[in-house]
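J.: Got a structure here, written out as structure tokens. Questions coming.
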Amino acid sequence: MKCRLNGAEAMSNPLSIIIEVAVPLPLDSTFHYRVPASLARQAELGRRVLVPFGKRKVTAYVLGHAATSEHQLVDILDVLDEQPLFTPQELKFYRWAAAYYLHPLGEILKAALPAGINQQSGRKGAAVTPGTAPAELLTGGQRIKTETVYRLTPGATVERSPRGKAALLLDHFRTGGEYSATELRRLFADCTAPLRRLAELGLVHSRQREVYRDPFKDVIFDRDAPLPLNPEQSAALHQISDAMAAGRFQPFLLFGVTGSGKTEVYLQAIAQLLPLGKTALVLVPEIALTPQLVNRFKRRFDCGIAVLHSGLSTGERYDEWRRIRRGEVSIVIGARSAIFAPLERLGIIVVDEEHEGSYKQNEGFRYNARDLALVRGKMAHACVVLGSATPQVTTWHAAHAGQVTVLPLPHRVNGQPLPRAEIIDMRQRRGELIMPPLAAALTDNLAAGGQSLLFLNRRGFATWLTCAECGQVLRCPNCAVTLTYHQRRNRHCCHYCDYSIPAPSVCPACNGPVTHFGIGTEQVEARLRELFPAARIDRMDRDTTSGKGSHSRILQRVAERQTDILIGTQMVAKGHDFPGITLVGILSVESTLNIPDFRSAERTFQLITQLMGRAGRGSEPGKVMVQSLNPEHYALTFSCGSEIDGFYRCEVDFRREAGYPPFAFLAALYLTGTAGEAVEREARLAADKLLAVRRRAGTRLEILGPAPAPLAKLRGRFRWQILLKSRNRTELHHLLVDFRSAYLAPAGIRLQIDVDPADL
Ligand code: ADP
Ligand code: ZN
């Protein structure tokens, strides 16, 4: 009754149908348009519409209806989708993200949708008649793949029944169902002619059926059953079950080393949800999204599972998205961007390896999927399980403050002890790549038939001078981060606040000689070949893995024990299982310890602990050796001593004292452009503007910089950064909002805001 009245009113008064839309352009505001009566019923929330925008026509996303508008309104031109692309709940989540990350909502919506949809922008799909195929398409049929299928025509009769193969075929159709030519061929060999005959007789007709591009189409999965859990796994599952049964948002930290059975807990928690009609979202770091992991889920569950990662073709990604949107999928496994998967009735979000840097998007819409998982979980009343052996310092602190429930899994399922770890002092032995204790361990391991991994972290852009005697590096007195050496200026500079000092010729602490630091994998390989001429040595870094498939070939050789010593960079530290590797050597932990980032100690601790967790997972216990110029550093001593909590306590004290997360909140502003001097000048103007805005707001928030960003030049653009730091998140947010409305970057310069930046 009421509905009809409203509809009638709307028809009689065109002004009453006003919609609010977002456009995928770098603009902060949303816009109002009028909907002509002919389109009124279709212009609902979540669909895209075509609107005139200045002199252009752009695709816009309908956010909802507006009661009135004070602006002069223009009509929309068209409605582009048959059905909504997102739900009101999802829109609420996107609006939250837009406000929090200070990023235009329209660009976020565009980024959240699969490219296959965005490519259709501005084109209306083929007219769709309900009940005919492809009927329930969400959008225009540009990229949808179809196949021809045949079925019995109801009620059709003929005078003379067909004979031979055509008769067999007809009998088959009479049992019901529809079949593609491929399916029929499998049953009846070649049947093109009899099929055509049946169609001519009007006994069988065809239609177009949509098919999904499924990367796992031809894979047959064995079934497997849940494993009986050990007491710690049971206790963890129990707590998660309680939260899920109550339908409440609760964040958990599943705190366990690799091999402690975390994945088994995820699987069994998800198994409890599925009969309730709920869904699960599982986020993993891109590199960990291996076929083995996907297989574990596919073997365990019969339900629809979608897999989202960067290796999918546009079509596959689009199809996976549509399967999810239509509710045909109960589990989504994916990397970072899967946080936007259109799953409804979410019961659990898992963020595996929650400490991984790959959850942070560092371009365009700069979000953190791990953080957004908590927001989405809260909105959906779902529980969120963060899994890690080395959680972020902020997560550990939140757990200690009682905001996150800790579920400890302190032991490996197979009962194997953690490997022993040893720190090797590199001071006094300048230029030695492989110190005598490591060389001796390699010799022993080779003789015993074991495999070894030599790890070398390399970050091309960070260089610093280090004292060969005492291992000291120069630190900023204001920011407690490593100073980076700039050759052009011959100075050491802080990337946070731009403090700098001339490059010293001797170490300021001990008067020892200073040297450049930086070794390459090629050098290490050459030295190893000298030391171990008979060993089979392989190298995995950006140079050796640029060819397609070379990455997996290297791993394959290791798995088949054709490699004795593998030299690797960051790539090998994550996600891979090397059961045969019994010795891990970290050639110089300095390359991680000295990155100019306040998280350098956290990163070092995580690296060593993760490598320890991966050494010797076979029958042999493993051994880890860490070469360092800073052998007494707490990140080393605690990780090598497996004193996990000891490290976190120490690091939390440092963060509190220096004013870093979780005790302060950060935002970085980047100014980039192709003309170096113009960018620098603009960065100074922007910093002045920030000072003025801060003065007006009367806050004490810290403004550091401008300074050249650690990646001072990226893809032809010069980059300067300004860092904002505050103990109060609201204060920081307000300053950013005020600044953004007061500042407009001139032509040729781009301003980017990074809230909770990761790599500074
Ligand atoms: P994580 O995710 O912490 O690395 P997994 O769940 O992958 O740990 O478990 C490591 C190995 O132990 C896997 O091969 C898994 O099948 C096995 N596993 C896990 N839980 C159990 C259990 N309760 N009983 C026997 N084997 C288990
Ligand atoms: Zn500084």
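Following the order of the structure tokens, first chain is A, next is B, and so on, with residues numbered from 1 inside each chain and ligands from 1 in the order they appear.
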When you look at Leu102 in chain A with a cut-off of 10 Å (counting only C-alpha atoms), what residues show up, excluding the ones that are within fewer than 6 positions of it in the same chain? I need them as a list in words.
T.: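 After dropping sequence-adjacent residues, the list is Asp28, Trp96, Phe365, Arg366, His733, Leu736, Val737, Arg740, Gln752, Ile753, Asp754 and Val755 of chain A.
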J.: Keeping only N, CA and C atoms, write the selected residues as an mmCIF file, in the first residue's frame.
T.:
```
data_model
loop_
_atom_site.group_PDB
_atom_site.id
_atom_site.type_symbol
_atom_site.label_atom_id
_atom_site.label_comp_id
_atom_site.auth_asym_id
_atom_site.auth_seq_id
_atom_site.Cartn_x
_atom_site.Cartn_y
_atom_site.Cartn_z
ATOM 1 N N ASP A 28 36.909 14.558 -4.043
ATOM 2 C CA ASP A 28 36.471 14.098 -2.732
ATOM 3 C C ASP A 28 34.968 14.032 -2.569
ATOM 4 N N TRP A 96 33.438 3.907 4.716
ATOM 5 C CA TRP A 96 34.345 3.962 5.857
ATOM 6 C C TRP A 96 35.791 4.070 5.355
ATOM 7 N N PHE A 365 44.918 3.584 -4.456
ATOM 8 C CA PHE A 365 44.173 3.532 -3.203
ATOM 9 C C PHE A 365 45.037 2.757 -2.194
ATOM 10 N N ARG A 366 45.655 3.504 -1.293
ATOM 11 C CA ARG A 366 46.612 2.894 -0.363
ATOM 12 C C ARG A 366 45.895 2.385 0.878
ATOM 13 N N HIS A 733 43.640 12.788 11.844
ATOM 14 C CA HIS A 733 42.649 12.711 10.789
ATOM 15 C C HIS A 733 42.109 14.112 10.450
ATOM 16 N N LEU A 736 44.532 16.165 8.443
ATOM 17 C CA LEU A 736 44.591 15.744 7.042
ATOM 18 C C LEU A 736 43.383 16.251 6.260
ATOM 19 N N VAL A 737 42.219 16.175 6.867
ATOM 20 C CA VAL A 737 41.003 16.646 6.186
ATOM 21 C C VAL A 737 41.106 18.149 5.912
ATOM 22 N N ARG A 740 43.661 18.873 3.217
ATOM 23 C CA ARG A 740 43.226 18.501 1.881
ATOM 24 C C ARG A 740 42.248 19.506 1.299
ATOM 25 N N GLN A 752 49.876 12.515 -2.767
ATOM 26 C CA GLN A 752 49.265 11.260 -2.341
ATOM 27 C C GLN A 752 49.331 11.176 -0.835
ATOM 28 N N ILE A 753 48.247 10.710 -0.251
ATOM 29 C CA ILE A 753 48.195 10.580 1.197
ATOM 30 C C ILE A 753 48.254 9.100 1.544
ATOM 31 N N ASP A 754 49.095 8.781 2.493
ATOM 32 C CA ASP A 754 49.226 7.390 2.921
ATOM 33 C C ASP A 754 48.970 7.338 4.429
ATOM 34 N N VAL A 755 47.801 6.857 4.791
ATOM 35 C CA VAL A 755 47.463 6.739 6.209
ATOM 36 C C VAL A 755 47.999 5.395 6.700
#
```
J.: Counting only C-alpha atoms and all ligand atoms, what residues are within 7 Å of ligand 2, given as an NGL selection string?
T.: :A and (476-481 or 494-499)
J.: List the spatial neighbours of range 696-703 of chain A as a ChimeraX atom specification - criterion: any atom at most 8 Å away, only C-alpha atoms, same-chain residues fewer than 4 positions off excluded.
T.: /A:687,690-692,722-727,731-732,735
J.: Selected residues, C-alpha atoms, written as a short mmCIF file (atom, residue, chain, number, x, y, z; two decimals), in the first residue's frame, please.
T.:
```cif
data_model
loop_
_atom_site.label_atom_id
_atom_site.label_comp_id
_atom_site.auth_asym_id
_atom_site.auth_seq_id
_atom_site.Cartn_x
_atom_site.Cartn_y
_atom_site.Cartn_z
CA ALA A 687 54.78 21.73 4.54
CA LEU A 690 50.47 22.09 6.94
CA LEU A 691 52.07 24.33 9.55
CA ALA A 692 49.42 26.96 8.94
CA ILE A 722 56.25 14.78 4.72
CA LEU A 723 55.55 12.68 7.77
CA LEU A 724 52.80 13.47 10.25
CA LYS A 725 52.86 11.94 13.67
CA SER A 726 50.37 12.25 16.47
CA ARG A 727 49.46 10.46 19.67
CA GLU A 731 43.64 14.89 15.68
CA LEU A 732 45.73 13.46 12.84
CA LEU A 735 44.49 17.81 10.22
#
```
J.: What residues in range 119-333 of chain A get the DSSP label strand (DSSP E)? Please answer as a PyMOL selection string.
T.: chain A and resi 145-152+179-180+204-211+250-256+279-283+305-308+331-333
J.: Around ligand 1, at most 8 Å away and counting only C-alpha atoms and all ligand atoms, which residues are there? Put them as a list of chain:residue names, please.
T.: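 So, counting only C-alpha atoms and all ligand atoms, the residues near ligand 1 are A:Leu227, A:Pro228, A:Leu229, A:Asn230, A:Gln233, A:Gly256, A:Val257, A:Thr258, A:Gly259, A:Ser260, A:Gly261, A:Lys262, A:Thr263, A:Glu264, A:Val265, A:Arg412, A:Val413, A:Asn414.
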J.: Suppose we keep C-alpha atoms; can you now write the selection as a CSV table (one decimal), in the first residue's frame?
T.:
```csv
chain,number,residue,atom,x,y,z
A,227,LEU,CA,42.4,-34.3,11.5
A,228,PRO,CA,41.9,-35.0,15.2
A,229,LEU,CA,43.1,-31.8,16.8
A,230,ASN,CA,45.8,-31.6,19.5
A,233,GLN,CA,44.3,-26.6,18.4
A,256,GLY,CA,52.0,-20.2,16.2
A,257,VAL,CA,55.1,-21.1,14.2
A,258,THR,CA,54.9,-22.6,10.8
A,259,GLY,CA,53.8,-26.2,11.1
A,260,SER,CA,51.9,-25.6,14.4
A,261,GLY,CA,48.6,-26.5,12.7
A,262,LYS,CA,47.1,-23.0,12.1
A,263,THR,CA,45.7,-23.9,8.7
A,264,GLU,CA,44.0,-27.0,10.2
A,265,VAL,CA,42.3,-24.7,12.7
A,412,ARG,CA,54.9,-27.9,15.9
A,413,VAL,CA,52.4,-30.6,15.2
A,414,ASN,CA,55.1,-33.1,14.5
```
J.: Calculated over only C-alpha atoms, which of the candidates A:Val572, A:Met625, A:Cys467, A:Ile287 has the smallest distance to Pro437 in chain A?
T.: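 Of all the options, A:Met625 lies closest to Pro437 in chain A.
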J.: Among range 702-735 of chain A, which residues does DSSP mark as helix (DSSP H, G or I) when it is run on the backbone? Keep the chain and numbering as in the structure and answer as a list in words.
T.: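 Assigned to helix (DSSP H, G or I), within range 702-735 of chain A: Arg729, Thr730, Glu731, Leu732, His733, His734 and Leu735 of chain A.
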J.: Report, in Å to a single decimal, how far apart CA of Tyr648 in chain A and CA of Ala401 in chain A are.
T.: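 So the two atoms, CA of Ala401 in chain A and CA of Tyr648 in chain A, lie 13.2 Å apart.
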J.: Can you list, as a compact mmCIF listing (two decimals) with N, CA and C atoms, in the first residue's frame, every protein, DNA or RNA residue that comes within 12 Å of Glu363 in chain A when you count only C-alpha atoms, leaving out same-chain residues fewer than 5 positions away?
T.:
```
# COMPACT_ATOMS: atom_id res chain seq x y z
N HIS A 103 40.55 8.85 0.58
CA HIS A 103 40.65 8.52 -0.84
C HIS A 103 39.26 8.63 -1.46
N ALA A 111 38.24 0.40 -7.92
CA ALA A 111 39.32 -0.53 -7.59
C ALA A 111 38.78 -1.83 -7.03
N ASN A 368 45.28 -1.05 3.77
CA ASN A 368 45.89 -2.22 4.37
C ASN A 368 44.80 -3.28 4.57
N TYR A 670 53.01 12.26 0.10
CA TYR A 670 54.03 12.19 -0.95
C TYR A 670 53.70 13.22 -2.01
N LEU A 714 61.14 7.25 -8.61
CA LEU A 714 60.47 6.00 -8.95
C LEU A 714 59.75 6.20 -10.27
N GLN A 752 49.88 12.51 -2.77
CA GLN A 752 49.27 11.26 -2.34
C GLN A 752 49.33 11.18 -0.84
N ILE A 753 48.25 10.71 -0.25
CA ILE A 753 48.19 10.58 1.20
C ILE A 753 48.25 9.10 1.54
N ASP A 754 49.10 8.78 2.49
CA ASP A 754 49.23 7.39 2.92
C ASP A 754 48.97 7.34 4.43
N PRO A 757 51.29 4.46 6.91
CA PRO A 757 52.21 4.02 5.87
C PRO A 757 53.03 2.82 6.35
N ALA A 758 53.45 1.99 5.39
CA ALA A 758 54.20 0.79 5.77
C ALA A 758 55.68 1.00 5.56
N ASP A 759 56.11 1.18 4.32
CA ASP A 759 57.53 1.35 4.06
C ASP A 759 57.84 2.82 3.97
```
J.: Grab the CA of Ser388 in chain A to CA of Ala225 in chain A distance for me, in Å with one decimal place.
T.: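 Result for CA of Ser388 in chain A versus CA of Ala225 in chain A: 24.4 Å, one decimal.
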J.: Could you name the residues that touch Arg561 in chain A at 12 Å or less, counting only C-alpha atoms, but leaving out those on the same chain fewer than 2 positions away, as a tab-separated table (two decimals) with C-alpha atoms, in the first residue's frame?
T.:
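What landed in part05.tsv:
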```
chain	number	residue	atom	x	y	z
A	446	LEU	CA	77.45	-30.92	2.53
A	449	GLY	CA	74.08	-34.74	2.39
A	450	GLY	CA	71.98	-31.88	3.74
A	451	GLN	CA	70.84	-28.83	1.79
A	452	SER	CA	71.69	-25.27	2.79
A	535	ALA	CA	78.77	-28.30	-4.58
A	536	ARG	CA	75.68	-27.75	-6.72
A	537	ILE	CA	74.92	-24.10	-6.19
A	538	ASP	CA	71.83	-22.21	-7.33
A	554	ILE	CA	64.61	-23.34	-9.08
A	555	LEU	CA	62.24	-24.50	-6.34
A	556	GLN	CA	61.71	-27.77	-8.15
A	557	ARG	CA	65.45	-28.45	-8.24
A	558	VAL	CA	65.65	-27.79	-4.51
A	559	ALA	CA	62.71	-30.09	-3.84
A	563	THR	CA	70.70	-28.29	-5.28
A	564	ASP	CA	73.13	-28.36	-2.38
A	565	ILE	CA	73.28	-24.66	-1.63
A	566	LEU	CA	70.61	-22.14	-2.58
A	578	PHE	CA	62.00	-26.67	2.04
A	579	PRO	CA	61.88	-29.85	4.07
A	580	GLY	CA	65.38	-30.85	2.96
A	581	ILE	CA	67.07	-27.64	4.07
```
J.: Identify which of the residues A:Cys191, A:Glu469, A:Leu453, A:Thr148 lies closest to Gln208 in chain A, counting only C-alpha atoms when measuring atom-to-atom distances.
T.: A:Thr148
J.: Determine, counting only C-alpha atoms, which protein, DNA and RNA residues have an atom within 7 Å of an atom of Ala181 in chain A; residues of the same chain fewer than 3 positions away are not included. Present the result as a PyMOL selection string.
T.: chain A and resi 149+184-185
J.: What does the file look like for those residues with C-alpha atoms, as a PDB file, in the first residue's frame?
T.:
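What ended up in part-v3.pdb:
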```
ATOM      1  CA  VAL A 149      23.637 -26.400 -24.995  1.00  0.00           C
ATOM      2  CA  LEU A 184      27.521 -35.358 -25.900  1.00  0.00           C
ATOM      3  CA  ARG A 185      30.689 -36.193 -27.765  1.00  0.00           C
TER       4      ARG A 185
END
```
J.: What's the 12 Å shell around Arg684 in chain A, counting only C-alpha atoms, without same-chain residues fewer than 2 positions away, as a list in words?
T.: Asp498, Leu669, Tyr670, Leu671, Glu677, Ala678, Val679, Glu680, Arg681, Glu682, Ala686, Ala687, Asp688, Lys689, Leu690, Leu691, Ile703, Leu704, Gly705, Pro706, Ala707, Pro708, Trp720, Gln721 and Ile722 of chain A
J.: From the options A:Val329, A:Ile324, A:Met435, A:Val626, which residue's atoms come nearest to Gly277 in chain A, counting only C-alpha atoms?
T.: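 Nearest candidate to Gly277 in chain A out of A:Val329, A:Ile324, A:Met435, A:Val626: A:Val329.
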